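> Following this line is final-v5.txt, made up of compact mmCIF, C-alpha atoms:
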# COMPACT_ATOMS: atom_id res chain seq x y z
CA MET A 1 -17.37 -124.51 -17.40
CA SER A 2 -15.85 -127.19 -15.18
CA LYS A 3 -14.25 -126.45 -11.83
CA LYS A 4 -10.91 -127.69 -13.18
CA ILE A 5 -11.02 -125.23 -16.09
CA LYS A 6 -11.96 -122.33 -13.76
CA ILE A 7 -9.02 -123.12 -11.49
CA SER A 8 -6.72 -123.26 -14.52
CA ILE A 9 -7.93 -119.86 -15.77
CA ILE A 10 -7.52 -118.26 -12.33
CA THR A 11 -4.02 -119.75 -11.96
CA THR A 12 -3.02 -118.46 -15.40
CA ALA A 13 -4.36 -115.00 -14.58
CA ILE A 14 -2.41 -114.91 -11.32
CA ILE A 15 0.79 -115.90 -13.14
CA ILE A 16 0.25 -113.22 -15.81
CA LEU A 17 -0.46 -110.61 -13.11
CA ALA A 18 2.70 -111.60 -11.23
CA ILE A 19 4.74 -111.28 -14.43
CA LEU A 20 3.27 -107.83 -15.11
CA VAL A 21 3.97 -106.67 -11.56
CA SER A 22 7.56 -107.94 -11.81
CA LEU A 23 7.98 -106.16 -15.16
CA VAL A 24 6.66 -102.89 -13.75
CA ILE A 25 9.02 -103.15 -10.75
CA PHE A 26 11.96 -103.95 -13.04
CA LEU A 27 11.27 -101.00 -15.35
CA SER A 28 10.72 -98.71 -12.40
CA ASN A 29 14.03 -99.71 -10.85
CA ARG A 30 15.80 -99.38 -14.18
CA ASN A 31 14.35 -95.91 -14.70
CA SER A 32 15.31 -94.90 -11.17
CA LYS A 33 18.83 -96.11 -11.82
CA ASN A 34 18.98 -94.14 -15.06
CA VAL A 35 17.81 -90.98 -13.30
CA THR A 36 20.49 -91.43 -10.65
CA GLU A 37 23.17 -91.93 -13.30
CA GLU A 38 21.93 -89.00 -15.39
CA TYR A 39 22.28 -86.46 -12.59
CA LYS A 40 25.92 -86.67 -11.57
CA TYR A 41 25.77 -83.55 -9.37
CA GLN A 42 22.64 -82.12 -7.80
CA LEU A 43 22.84 -78.85 -5.91
CA ILE A 44 21.08 -78.57 -2.55
CA ASN A 45 19.60 -75.15 -3.29
CA ASN A 46 17.88 -73.74 -6.33
CA GLU A 47 20.59 -72.35 -8.58
CA THR A 48 18.65 -69.17 -9.27
CA ASN A 49 19.44 -68.07 -5.73
CA LEU A 50 22.97 -67.30 -6.96
CA TYR A 51 21.54 -64.13 -8.50
CA ILE A 52 20.17 -62.46 -5.38
CA SER A 53 22.03 -60.10 -3.08
CA ASP A 54 20.01 -60.87 0.05
CA LEU A 55 21.21 -63.70 2.22
CA VAL A 56 18.31 -66.14 2.16
CA ALA A 57 17.86 -69.89 2.45
CA TYR A 58 15.16 -72.38 3.36
CA ALA A 59 15.51 -75.62 5.31
CA GLY A 60 12.76 -77.66 6.90
CA ASP A 61 10.25 -75.20 8.35
CA PHE A 62 12.72 -72.31 8.53
CA ILE A 63 13.77 -69.33 6.42
CA TYR A 64 17.16 -67.78 7.12
CA PHE A 65 17.69 -64.22 5.97
CA ASN A 66 19.85 -61.15 6.41
CA ASP A 67 18.74 -57.52 6.64
CA TYR A 68 21.58 -56.15 4.54
CA ILE A 69 21.02 -52.63 5.92
CA THR A 70 21.78 -53.57 9.53
CA ASN A 71 23.32 -57.05 9.11
CA TYR A 72 20.58 -58.54 11.27
CA TYR A 73 20.61 -62.33 10.77
CA ALA A 74 17.42 -64.19 11.59
CA GLU A 75 15.84 -67.61 11.63
CA TYR A 76 12.11 -67.53 10.94
CA ASP A 77 9.80 -70.47 11.63
CA VAL A 78 7.30 -70.38 8.77
CA TYR A 79 4.58 -72.40 10.45
CA LYS A 80 4.90 -71.11 14.01
CA ASP A 81 5.41 -67.51 12.82
CA LYS A 82 8.34 -67.06 15.19
CA GLN A 83 11.67 -65.38 14.61
CA ILE A 84 14.99 -65.42 16.47
CA GLN A 85 18.14 -63.39 15.92
CA MET A 86 21.13 -65.58 15.12
CA PRO A 87 24.56 -64.91 16.66
CA VAL A 88 26.96 -64.21 13.81
CA LYS A 89 30.64 -63.37 14.28
CA GLY A 90 31.39 -61.61 11.01
CA GLN A 91 29.41 -61.49 7.78
CA ILE A 92 28.12 -64.60 6.07
CA SER A 93 26.71 -65.41 2.65
CA ASP A 94 25.63 -68.33 0.47
CA PHE A 95 23.81 -70.61 2.93
CA ASN A 96 23.90 -74.35 2.26
CA PHE A 97 22.38 -76.91 4.66
CA TYR A 98 23.98 -80.35 4.56
CA ASN A 99 23.45 -83.24 7.00
CA GLY A 100 21.79 -80.90 9.48
CA ASN A 101 24.63 -78.37 9.44
CA LEU A 102 24.90 -74.94 7.85
CA TYR A 103 27.80 -74.23 5.50
CA CYS A 104 28.51 -70.73 4.19
CA ILE A 105 31.12 -68.18 3.18
CA LEU A 106 32.35 -66.22 6.21
CA TYR A 107 33.97 -62.78 6.20
CA THR A 108 35.65 -61.78 9.48
CA GLU A 109 37.48 -58.54 10.29
CA PHE A 110 40.90 -57.67 11.72
CA GLU A 111 42.78 -60.52 10.10
CA VAL A 112 45.50 -60.42 7.47
CA ASP A 113 46.63 -62.26 4.35
CA ASN A 114 43.04 -62.91 3.25
CA THR A 115 42.58 -65.63 5.91
CA HIS A 116 39.43 -63.72 6.88
CA LEU A 117 37.72 -65.25 3.85
CA SER A 118 36.67 -68.89 4.28
CA ILE A 119 34.01 -71.57 3.94
CA VAL A 120 32.81 -72.71 7.34
CA LYS A 121 30.43 -75.11 9.06
CA TRP A 122 28.53 -72.80 11.35
CA ASP A 123 26.58 -73.44 14.56
CA ILE A 124 23.48 -71.23 14.28
CA ASN A 125 22.79 -71.55 18.01
CA THR A 126 26.15 -70.38 19.36
CA GLY A 127 27.71 -68.49 16.45
CA ASN A 128 30.76 -70.75 16.61
CA TYR A 129 32.11 -72.23 13.43
CA GLU A 130 34.57 -74.77 12.05
CA THR A 131 36.69 -73.68 9.10
CA ILE A 132 36.32 -76.09 6.18
CA TYR A 133 38.25 -74.30 3.44
CA VAL A 134 40.53 -71.24 3.19
CA PRO A 135 41.49 -69.87 -0.26
CA PRO A 136 45.18 -69.69 -1.16
CA LYS A 137 47.13 -66.60 -0.14
CA GLY A 138 46.44 -63.62 -2.37
CA VAL A 139 43.03 -64.77 -3.67
CA ASP A 140 40.87 -61.64 -3.86
CA GLY A 141 37.42 -63.15 -3.61
CA LEU A 142 35.28 -66.22 -2.97
CA TYR A 143 31.86 -66.26 -4.65
CA ASN A 144 28.78 -68.29 -5.56
CA PHE A 145 29.41 -71.10 -3.09
CA SER A 146 27.04 -74.04 -3.41
CA MET A 147 26.95 -77.67 -2.31
CA THR A 148 25.67 -80.88 -3.83
CA THR A 149 23.47 -83.43 -2.09
CA ASP A 150 26.64 -85.53 -1.68
CA GLY A 151 28.46 -82.75 0.18
CA LEU A 152 30.78 -81.64 -2.63
CA MET A 153 31.40 -77.90 -2.90
CA PHE A 154 31.38 -75.56 -5.90
CA PHE A 155 32.71 -71.99 -5.74
CA LEU A 156 34.42 -69.23 -7.71
CA GLU A 157 37.77 -67.74 -6.77
CA ARG A 158 39.21 -64.50 -8.10
CA LYS A 159 42.83 -64.99 -9.08
CA PRO A 160 45.57 -63.78 -6.68
CA THR A 161 46.83 -60.21 -6.91
CA SER A 162 50.14 -61.59 -8.18
CA GLU A 163 48.31 -62.60 -11.37
CA VAL A 164 45.78 -59.80 -11.73
CA SER A 165 45.34 -56.60 -9.74
CA ILE A 166 41.93 -55.41 -8.54
CA GLN A 167 39.83 -53.70 -11.26
CA LYS A 168 42.07 -55.18 -13.96
CA PHE A 169 41.26 -58.04 -16.32
CA ILE A 170 43.21 -60.80 -17.96
CA SER A 171 41.74 -62.71 -20.86
CA ASP A 172 42.11 -65.90 -22.89
CA PRO A 173 43.08 -65.91 -26.60
CA ASP A 174 39.41 -65.39 -27.54
CA GLY A 175 39.17 -62.26 -25.39
CA TYR A 176 37.07 -63.64 -22.52
CA ASN A 177 37.77 -62.57 -18.95
CA ILE A 178 39.56 -65.32 -17.00
CA ASN A 179 39.93 -63.52 -13.65
CA TYR A 180 37.57 -66.05 -12.03
CA THR A 181 37.87 -69.84 -11.88
CA LEU A 182 35.14 -72.32 -10.91
CA TYR A 183 36.32 -75.13 -8.65
CA ILE A 184 34.83 -78.29 -7.21
CA TYR A 185 36.14 -79.21 -3.75
CA ASP A 186 35.84 -82.40 -1.70
CA SER A 187 36.22 -81.51 1.99
CA GLU A 188 36.74 -85.18 2.90
CA THR A 189 39.84 -85.59 0.72
CA ASN A 190 40.79 -81.89 0.36
CA GLU A 191 40.85 -82.48 -3.40
CA LYS A 192 40.27 -79.27 -5.39
CA THR A 193 39.68 -79.39 -9.15
CA ALA A 194 39.38 -76.46 -11.57
CA LEU A 195 36.40 -76.89 -13.88
CA ALA A 196 36.49 -73.75 -16.03
CA GLU A 197 38.15 -70.33 -16.18
CA GLY A 198 36.29 -67.09 -16.75
CA VAL A 199 33.05 -68.26 -15.12
CA ASP A 200 30.70 -65.48 -14.03
CA ARG A 201 27.58 -67.40 -12.97
CA TYR A 202 26.73 -71.06 -13.32
CA TYR A 203 23.97 -73.66 -13.27
CA ILE A 204 24.17 -77.43 -12.88
CA ARG A 205 21.45 -79.29 -14.72
CA GLY A 206 21.52 -82.99 -15.52
CA ASN A 207 25.11 -83.90 -16.34
CA ARG A 208 25.98 -80.43 -17.62
CA LEU A 209 27.53 -77.33 -16.17
CA TYR A 210 26.26 -74.12 -17.82
CA PHE A 211 28.08 -70.83 -17.25
CA ASP A 212 28.52 -67.39 -18.77
CA LYS A 213 31.77 -65.64 -19.66
CA VAL A 214 32.34 -61.92 -20.10
CA MET A 215 33.99 -60.52 -23.23
CA VAL A 216 36.60 -58.06 -21.96
CA SER A 217 36.49 -55.76 -25.01
CA ASP A 218 32.77 -54.93 -24.94
CA ASN A 219 31.49 -56.39 -21.64
CA THR A 220 28.96 -58.64 -23.38
CA GLU A 221 28.24 -62.10 -21.91
CA ASP A 222 28.02 -65.45 -23.70
CA VAL A 223 26.73 -68.82 -22.45
CA PHE A 224 28.84 -71.99 -22.54
CA TYR A 225 28.52 -75.50 -21.16
CA LEU A 226 30.57 -78.60 -20.50
CA ASP A 227 29.57 -82.20 -19.82
CA PHE A 228 30.99 -83.58 -16.59
CA ASP A 229 31.97 -86.78 -18.41
CA ASP A 230 34.11 -84.72 -20.82
CA PRO A 231 35.05 -81.58 -18.85
CA ASP A 232 37.90 -80.52 -21.14
CA LYS A 233 35.50 -79.84 -24.02
CA ILE A 234 33.74 -76.48 -23.54
CA ILE A 235 30.85 -75.77 -25.90
CA ASP A 236 29.70 -72.28 -26.95
CA THR A 237 25.89 -72.30 -27.09
CA GLY A 238 25.83 -69.21 -29.31
CA ILE A 239 23.57 -67.49 -26.78
CA CYS A 240 24.44 -63.93 -25.78
CA CYS A 241 22.88 -63.24 -22.37
CA ARG A 242 24.04 -59.60 -22.33
CA THR A 243 24.06 -57.87 -25.70
CA ALA A 244 26.07 -54.81 -26.75
CA GLU A 245 22.81 -52.84 -26.74
CA ALA A 246 22.19 -53.82 -23.11
CA VAL A 247 25.74 -52.83 -22.16
CA LYS A 248 25.26 -49.34 -23.64
CA LYS A 249 22.08 -48.86 -21.59
CA GLY A 250 23.63 -50.20 -18.39
CA TYR A 251 21.32 -53.25 -18.37
CA GLU A 252 22.36 -56.54 -16.78
CA GLY A 253 22.94 -59.93 -18.38
CA TRP A 254 21.18 -63.04 -17.20
CA PHE A 255 20.35 -66.64 -18.11
CA TYR A 256 18.62 -69.62 -16.53
CA VAL A 257 18.49 -73.37 -17.27
CA ASP A 258 16.00 -76.16 -16.70
CA ASP A 259 16.09 -79.78 -17.85
CA GLU A 260 15.65 -78.91 -21.54
CA TYR A 261 15.93 -75.17 -22.15
CA VAL A 262 18.26 -72.22 -21.67
CA TYR A 263 16.21 -69.09 -20.87
CA TYR A 264 17.64 -65.61 -21.42
CA SER A 265 16.79 -62.05 -22.41
CA GLY A 266 20.15 -60.66 -23.46
CA GLY A 267 19.39 -57.69 -21.24
CA THR A 268 16.51 -56.73 -23.53
CA ALA A 269 12.71 -56.55 -23.28
CA ASP A 270 12.41 -59.93 -25.05
CA TYR A 271 12.50 -63.24 -23.17
CA TYR A 272 13.53 -66.41 -25.04
CA ARG A 273 14.13 -70.07 -24.49
CA ARG A 274 16.31 -72.33 -26.62
CA SER A 275 16.07 -76.11 -26.59
CA MET A 276 19.40 -77.82 -26.02
CA LYS A 277 17.99 -80.93 -27.71
CA THR A 278 16.68 -79.40 -30.95
CA ASP A 279 18.35 -75.95 -30.95
CA LYS A 280 14.89 -74.45 -31.58
CA GLU A 281 14.36 -70.98 -30.12
CA GLU A 282 11.07 -69.45 -28.97
CA LEU A 283 10.06 -65.96 -27.90
CA LEU A 284 8.09 -66.34 -24.65
CA PHE A 285 7.47 -62.77 -23.49
CA THR A 286 8.05 -59.15 -24.47
CA TYR A 287 7.76 -56.21 -22.12
CA THR A 288 6.04 -53.43 -24.10
CA ASP A 289 4.55 -51.03 -21.53
CA SER A 290 7.63 -48.79 -21.41
CA GLU A 291 11.40 -48.88 -21.65
CA GLY A 292 12.76 -51.86 -19.72
CA TYR A 293 14.41 -55.27 -19.74
CA ILE A 294 14.01 -58.72 -18.16
CA ALA A 295 16.56 -58.85 -15.34
CA ARG A 296 16.03 -62.48 -14.21
CA SER A 297 13.45 -65.16 -13.45
CA LEU A 298 12.67 -67.91 -10.96
CA GLU A 299 10.60 -71.09 -10.98
CA PHE A 300 7.57 -71.25 -8.73
CA ASN A 301 4.54 -73.52 -8.72
CA GLY A 302 5.07 -74.76 -12.27
CA LYS A 303 5.50 -71.28 -13.73
CA GLN A 304 8.15 -68.58 -13.90
CA ILE A 305 8.18 -65.23 -12.14
CA LEU A 306 9.92 -62.64 -14.34
CA TYR A 307 11.67 -59.63 -12.83
CA VAL A 308 11.39 -56.65 -15.20
CA ARG A 309 13.41 -53.48 -14.60
CA CYS A 310 11.53 -50.63 -16.24
CA LYS A 311 10.24 -47.09 -16.44
CA PHE A 312 6.51 -46.99 -15.99
CA ASN A 313 5.18 -43.79 -14.42
CA ASP A 314 6.12 -40.39 -13.05
CA GLU A 315 6.41 -41.70 -9.48
CA VAL A 316 9.12 -44.30 -10.05
CA GLU A 317 11.60 -43.30 -12.71
CA PHE A 318 13.15 -46.76 -13.01
CA GLY A 319 11.75 -49.54 -10.88
CA ALA A 320 10.54 -53.12 -11.07
CA LYS A 321 7.57 -55.24 -12.04
CA LEU A 322 6.99 -58.96 -11.58
CA PHE A 323 5.09 -61.06 -14.11
CA GLU A 324 3.87 -64.61 -13.70
CA LEU A 325 4.61 -66.42 -16.98
CA ASP A 326 3.19 -69.74 -18.17
CA THR A 327 5.96 -70.90 -20.50
CA GLU A 328 3.69 -73.33 -22.35
CA THR A 329 0.71 -71.07 -23.09
CA LYS A 330 2.87 -67.89 -23.00
CA SER A 331 0.17 -66.14 -20.98
CA ASN A 332 1.34 -63.70 -18.33
CA GLU A 333 -0.01 -61.68 -15.41
CA ASN A 334 1.45 -58.62 -13.66
CA ILE A 335 1.69 -59.50 -9.95
CA TRP A 336 3.88 -56.69 -8.58
CA THR A 337 4.54 -53.03 -9.44
CA ASP A 338 6.89 -50.73 -7.52
CA THR A 339 5.61 -47.65 -5.74
CA THR A 340 7.58 -44.81 -4.16
CA SER A 341 6.87 -46.27 -0.72
CA GLU A 342 7.99 -49.80 -1.56
CA LEU A 343 10.55 -50.85 -4.16
CA LEU A 344 11.39 -54.45 -4.95
CA GLY A 345 14.71 -55.57 -3.49
CA ASP A 346 15.18 -59.29 -4.13
CA TYR A 347 13.15 -62.44 -4.49
CA ALA A 348 13.88 -66.16 -4.36
CA SER A 349 12.13 -69.48 -4.70
CA PHE A 350 13.20 -72.62 -2.88
CA LYS A 351 13.83 -76.05 -4.33
CA ASN A 352 10.83 -78.41 -4.06
CA ASN A 353 8.71 -75.74 -2.33
CA ASN A 354 5.54 -74.56 -4.05
CA ASP A 355 3.94 -73.22 -0.87
CA PHE A 356 5.57 -69.79 -1.04
CA PHE A 357 8.49 -67.76 -2.32
CA TYR A 358 10.48 -64.98 -0.66
CA LEU A 359 10.44 -61.27 -1.46
CA SER A 360 12.18 -58.26 0.09
CA THR A 361 11.53 -54.56 -0.46
CA TYR A 362 13.03 -51.24 0.53
CA ALA A 363 11.67 -47.72 0.84
CA GLY A 364 12.15 -45.22 -1.96
CA ASP A 365 12.27 -42.28 0.46
CA TYR A 366 15.79 -43.07 1.79
CA SER A 367 14.38 -43.94 5.22
CA GLY A 368 16.41 -47.16 5.34
CA ARG A 369 13.24 -49.23 5.82
CA THR A 370 13.32 -52.85 4.68
CA ASN A 371 10.45 -55.33 4.53
CA TYR A 372 10.63 -59.10 4.13
CA TYR A 373 7.73 -61.30 3.00
CA ILE A 374 6.74 -64.79 2.06
CA VAL A 375 4.40 -64.77 -0.94
CA TYR A 376 1.76 -67.47 -1.44
CA PRO A 377 0.53 -68.96 -4.75
CA ASP A 378 -2.36 -66.45 -4.90
CA TYR A 379 0.28 -63.69 -4.43
CA THR A 380 -0.95 -62.54 -1.05
CA LYS A 381 1.99 -61.58 1.17
CA LYS A 382 2.83 -62.25 4.80
CA GLU A 383 5.37 -59.95 6.43
CA ILE A 384 8.03 -61.81 8.39
CA TYR A 385 10.35 -58.91 9.23
CA ARG A 386 10.51 -55.11 9.07
CA ASN A 387 13.29 -52.71 9.96
CA SER A 388 13.96 -48.98 9.70
CA TYR A 389 17.66 -48.21 9.96
CA TRP A 390 17.24 -44.53 10.78
CA GLU A 391 14.54 -45.11 13.40
CA ASN A 392 16.79 -47.66 15.13
CA ASN A 393 19.78 -45.32 15.08
CA GLU A 394 18.23 -42.02 16.22
Could you spell out this file's structure in structure tokens?

Amino acid sequence: MSKKIKISIITTAIIILAILVSLVIFLSNRNSKNVTEEYKYQLINNETNLYISDLVAYAGDFIYFNDYITNYYAEYDVYKDKQIQMPVKGQISDFNFYNGNLYCILYTEFEVDNTHLSIVKWDINTGNYETIYVPPKGVDGLYNFSMTTDGLMFFLERKPTSEVSIQKFISDPDGYNINYTLYIYDSETNEKTALAEGVDRYYIRGNRLYFDKVMVSDNTEDVFYLDFDDPDKIIDTGICCRTAEAVKKGYEGWFYVDDEYVYYSGGTADYYRRSMKTDKEELLFTYTDSEGYIARSLEFNGKQILYVRCKFNDEVEFGAKLFELDTETKSNENIWTDTTSELLGDYASFKNNNDFFYLSTYAGDYSGRTNYYIVYPDYTKKEIYRNSYWENNE
């Protein structure tokens, strides 16, 4: 082979390689653009945290939590194993960290006309805060506050007492409770837009908003969704996340959404997922050891951790178990069982964190003791806080 031919072959190969590299870059950029366009709103925190009663959030190397027995607010450094008490003037809930600041719902005392209820930007070092949003006069509640990565705010408001009195319900023509309305709020422009009435809990996934509504007549709960590009069209998924049977037994309703599936139990011992692309439904798990139901679930380390409320022995009449579930193989493993000395309180995973999840417990002997842990992938626990209310108040 002549030198001229070799040079020609090498030159041709370089040109082909350059074309391939350019094509890969082009497709990558196009895909990245599509992903950006597909996800119109992305919440800062994992939506499953809307289901827990503990105040807990994770940002950087820190966990923020509240001992709901004593209202002790703390910042815990996960890697330095250090904790500080945070100065809080009032009660706060629904942490959201945005641009280095903490936003939350604040409840303060000794004020009138419901101005004690607000969304604030809070200084965790001084306890001082800047009020960002105050609900209209007469609004009875502000719930499930969350923020997007662009700083937009989502929250529920309970209608003013002029429209519906406390413990009373108003409903739409189909019989669904419309006491609560989900809003999106832009703090830069003060623009507030109602997205849907009757929302109980919600998830944002892709370009869809999923939420459940309560049927006033029988207290069952159904799952709906809307597309943000066509928000006036609300779709009934046909999924009942709290059945009439669950209502009779006093069991809770619950559902959860990922990029393809809606997961739910209906307040029963069976755990399902339904594809929103094919409408195919699968049974993933059934609790069979005793009477019980799947109360909720969270994502962690590529699997789901199911919270089962159940009867299981003479020591704990009705307690909790946790199961790790592989949704693809449908295999499961029991990783937590209540005892009389330690009952499961709440648990939460954190978005993009597979290093640990959070778990709190309380004593079954009415001592007021609470324990807070981070739990690692092998399910070993590290205690980050402990308190006994009665010991501290003797």
> Near Phe155 (chain A), within 9 Å and counting only C-alpha atoms, which residues show up once chain neighbours fewer than 6 positions away are dropped, as a VMD selection string?
chain A and resid 142 to 147 181 to 185
> Since we have the selection now, will you write its residues out, keeping C-alpha atoms, as a PDB file, keeping the file's coordinate frame?

ATOM      1  CA  LEU A 142      35.280 -66.220  -2.970  1.00  0.00           C
ATOM      2  CA  TYR A 143      31.860 -66.260  -4.650  1.00  0.00           C
ATOM      3  CA  ASN A 144      28.780 -68.290  -5.560  1.00  0.00           C
ATOM      4  CA  PHE A 145      29.410 -71.100  -3.090  1.00  0.00           C
ATOM      5  CA  SER A 146      27.040 -74.040  -3.410  1.00  0.00           C
ATOM      6  CA  MET A 147      26.950 -77.670  -2.310  1.00  0.00           C
ATOM      7  CA  THR A 181      37.870 -69.840 -11.880  1.00  0.00           C
ATOM      8  CA  LEU A 182      35.140 -72.320 -10.910  1.00  0.00           C
ATOM      9  CA  TYR A 183      36.320 -75.130  -8.650  1.00  0.00           C
ATOM     10  CA  ILE A 184      34.830 -78.290  -7.210  1.00  0.00           C
ATOM     11  CA  TYR A 185      36.140 -79.210  -3.750  1.00  0.00           C
TER      12      TYR A 185
END
> In Å, rounded to a single decimal, give me how far CA of Val214 (chain A) is from CA of Ser165 (chain A).
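So the two atoms, CA of Ser165 (chain A) and CA of Val214 (chain A), lie 17.5 Å apart.
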> Could you list, as number ranges by chain, every residue within 10 Å of Gly267 (chain A), counting only C-alpha atoms and ignoring same-chain residues fewer than 6 positions away?
A: 220-221, 240-247, 249-255, 292-296, 309
> I'd like to know which of A:Leu344, A:Leu106, A:Ala74, A:Ile124 is closest to Tyr385 (chain A), using only C-alpha atoms.
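Comparing A:Leu344, A:Leu106, A:Ala74, A:Ile124 against Tyr385 (chain A), the winner is A:Ala74.
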> Would you pick out the contacts of Lys382 (chain A) at 7 Å or less, using all atoms listed in the file, so that residues sharing its chain but fewer than 6 positions from it are not included, and give the list as a list in words?
Tyr373, Ile374 and Val375 of chain A
> So that I can see what lies close to region 168-177 of chain A, please list as a list in words the residues with an atom at most 12 Å from it, counting only C-alpha atoms and leaving out residues fewer than 5 positions away in the same chain.
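Neighbouring residues, sequence-local ones excluded: Arg158, Lys159, Pro160, Thr161, Ser162, Glu163, Ala196, Glu197, Gly198, Val199, Asp200, Asp212, Lys213, Val214, Met215, Val216, Ser217, Asp218, Asn219, Thr220, Glu221, Asp222, Val223, Phe224 and Asp236 of chain A.
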> Determine, for each residue of region 284-383 of chain A having at least one atom at most 10 Å from an atom of region 49-56 of chain A, the closest pair of atoms and their separation in Å to one decimal, counting all atoms listed in the file; order by chain and ascending number, as a Markdown table.

| residue | atom | partner | partner_atom | distance |
| --- | --- | --- | --- | --- |
| A:Ala295 | CA | A:Tyr51 | CA | 10.0 |
| A:Arg296 | CA | A:Tyr51 | CA | 8.1 |
| A:Ser297 | CA | A:Tyr51 | CA | 9.5 |
| A:Leu298 | CA | A:Asn49 | CA | 8.6 |
| A:Gly345 | CA | A:Asp54 | CA | 8.3 |
| A:Asp346 | CA | A:Ile52 | CA | 6.0 |
| A:Tyr347 | CA | A:Ile52 | CA | 7.1 |
| A:Ala348 | CA | A:Asn49 | CA | 6.0 |
| A:Ser349 | CA | A:Asn49 | CA | 7.5 |
| A:Phe350 | CA | A:Asn49 | CA | 8.2 |
| A:Lys351 | CA | A:Asn49 | CA | 9.9 |
| A:Tyr358 | CA | A:Val56 | CA | 8.4 |
| A:Leu359 | CA | A:Asp54 | CA | 9.7 |
| A:Ser360 | CA | A:Asp54 | CA | 8.3 |
> Using all atoms listed in the file, find the one residue out of A:Asp279, A:Asp270, A:Glu260, A:Glu333 that sits nearest to Thr237 (chain A).
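When distances to Thr237 (chain A) are compared using all atoms listed in the file, the smallest one comes from A:Asp279.
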> One decimal, Å: what's the distance from CA of Pro377 (chain A) over to CA of Phe323 (chain A), could you say?
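CA of Phe323 (chain A) lies 13.1 Å from CA of Pro377 (chain A).
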> If you measure from CA of Ile69 (chain A) to CA of Thr370 (chain A), what distance in Å do you get, rounded to one decimal?
7.8 Å
> Sorted by chain and rising residue number, which residues of region 248-276 of chain A lie within 9 Å of region 205-210 of chain A, and what are their closest atom pairs and distances in Å to one decimal, counting all atoms listed in the file, as a tab-separated table?

residue	atom	partner	partner_atom	distance
A:Tyr256	CA	A:Tyr210	CA	9.0
A:Val257	CA	A:Arg205	CA	7.1
A:Asp258	CA	A:Arg205	CA	6.6
A:Asp259	CA	A:Arg205	CA	6.2
A:Glu260	CA	A:Arg205	CA	9.0
> Go through region 328-371 of chain A and flag each residue having an atom no more than 9 Å from region 280-285 of chain A; for those, report the closest pair of atoms plus their distance in Å to one decimal, using only C-alpha atoms, ordered by chain and rising number, as a tab-separated table.

residue	atom	partner	partner_atom	distance
A:Glu328	CA	A:Leu284	CA	8.6
A:Thr329	CA	A:Leu284	CA	8.9
A:Lys330	CA	A:Leu284	CA	5.7
A:Ser331	CA	A:Phe285	CA	8.4
A:Asn332	CA	A:Phe285	CA	8.1
> At a cut-off of 12 Å, using all atoms listed in the file, what residues contact Asp229 (chain A)? Leave out same-chain residues fewer than 3 positions from it and give the result as a list in words.
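What passes the distance filter is Glu37, Glu38, Tyr39, Lys40, Tyr41, Leu195, Gly206, Asn207, Arg208, Leu209, Leu226, Asp232, Lys233 and Ile234 of chain A.
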> List every protein, DNA or RNA residue with an atom no more than 7 Å from (38.8, -66.6, 7.6) in the file's coordinates, counting all atoms listed in the file, and format the result as a PyMOL selection string.
chain A and resi 106-108+115-118+134
> Save out the residues we just selected, C-alpha atoms, as a PDB file, in the frame of the given file.

ATOM      1  CA  LEU A 106      32.350 -66.220   6.210  1.00  0.00           C
ATOM      2  CA  TYR A 107      33.970 -62.780   6.200  1.00  0.00           C
ATOM      3  CA  THR A 108      35.650 -61.780   9.480  1.00  0.00           C
ATOM      4  CA  THR A 115      42.580 -65.630   5.910  1.00  0.00           C
ATOM      5  CA  HIS A 116      39.430 -63.720   6.880  1.00  0.00           C
ATOM      6  CA  LEU A 117      37.720 -65.250   3.850  1.00  0.00           C
ATOM      7  CA  SER A 118      36.670 -68.890   4.280  1.00  0.00           C
ATOM      8  CA  VAL A 134      40.530 -71.240   3.190  1.00  0.00           C
TER       9      VAL A 134
END
> Considering all atoms listed in the file, can you say which of A:Lys248, A:Val262, A:Phe300, A:Asp338 comes closest to Tyr203 (chain A)?
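Smallest distance to Tyr203 (chain A) is found for A:Val262.
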> Ranking A:Asn128, A:Thr288, A:Thr339, A:Ser388 by minimum distance to Gly368 (chain A) and counting all atoms listed in the file, which one comes first?
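Distance minimum relative to Gly368 (chain A) lands on A:Ser388.
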> Rank A:Tyr79, A:Trp122, A:Tyr68, A:Tyr376 by their smallest atom-to-atom distance to Asn353 (chain A), using all atoms listed in the file, and report the top residue only.
A:Tyr376
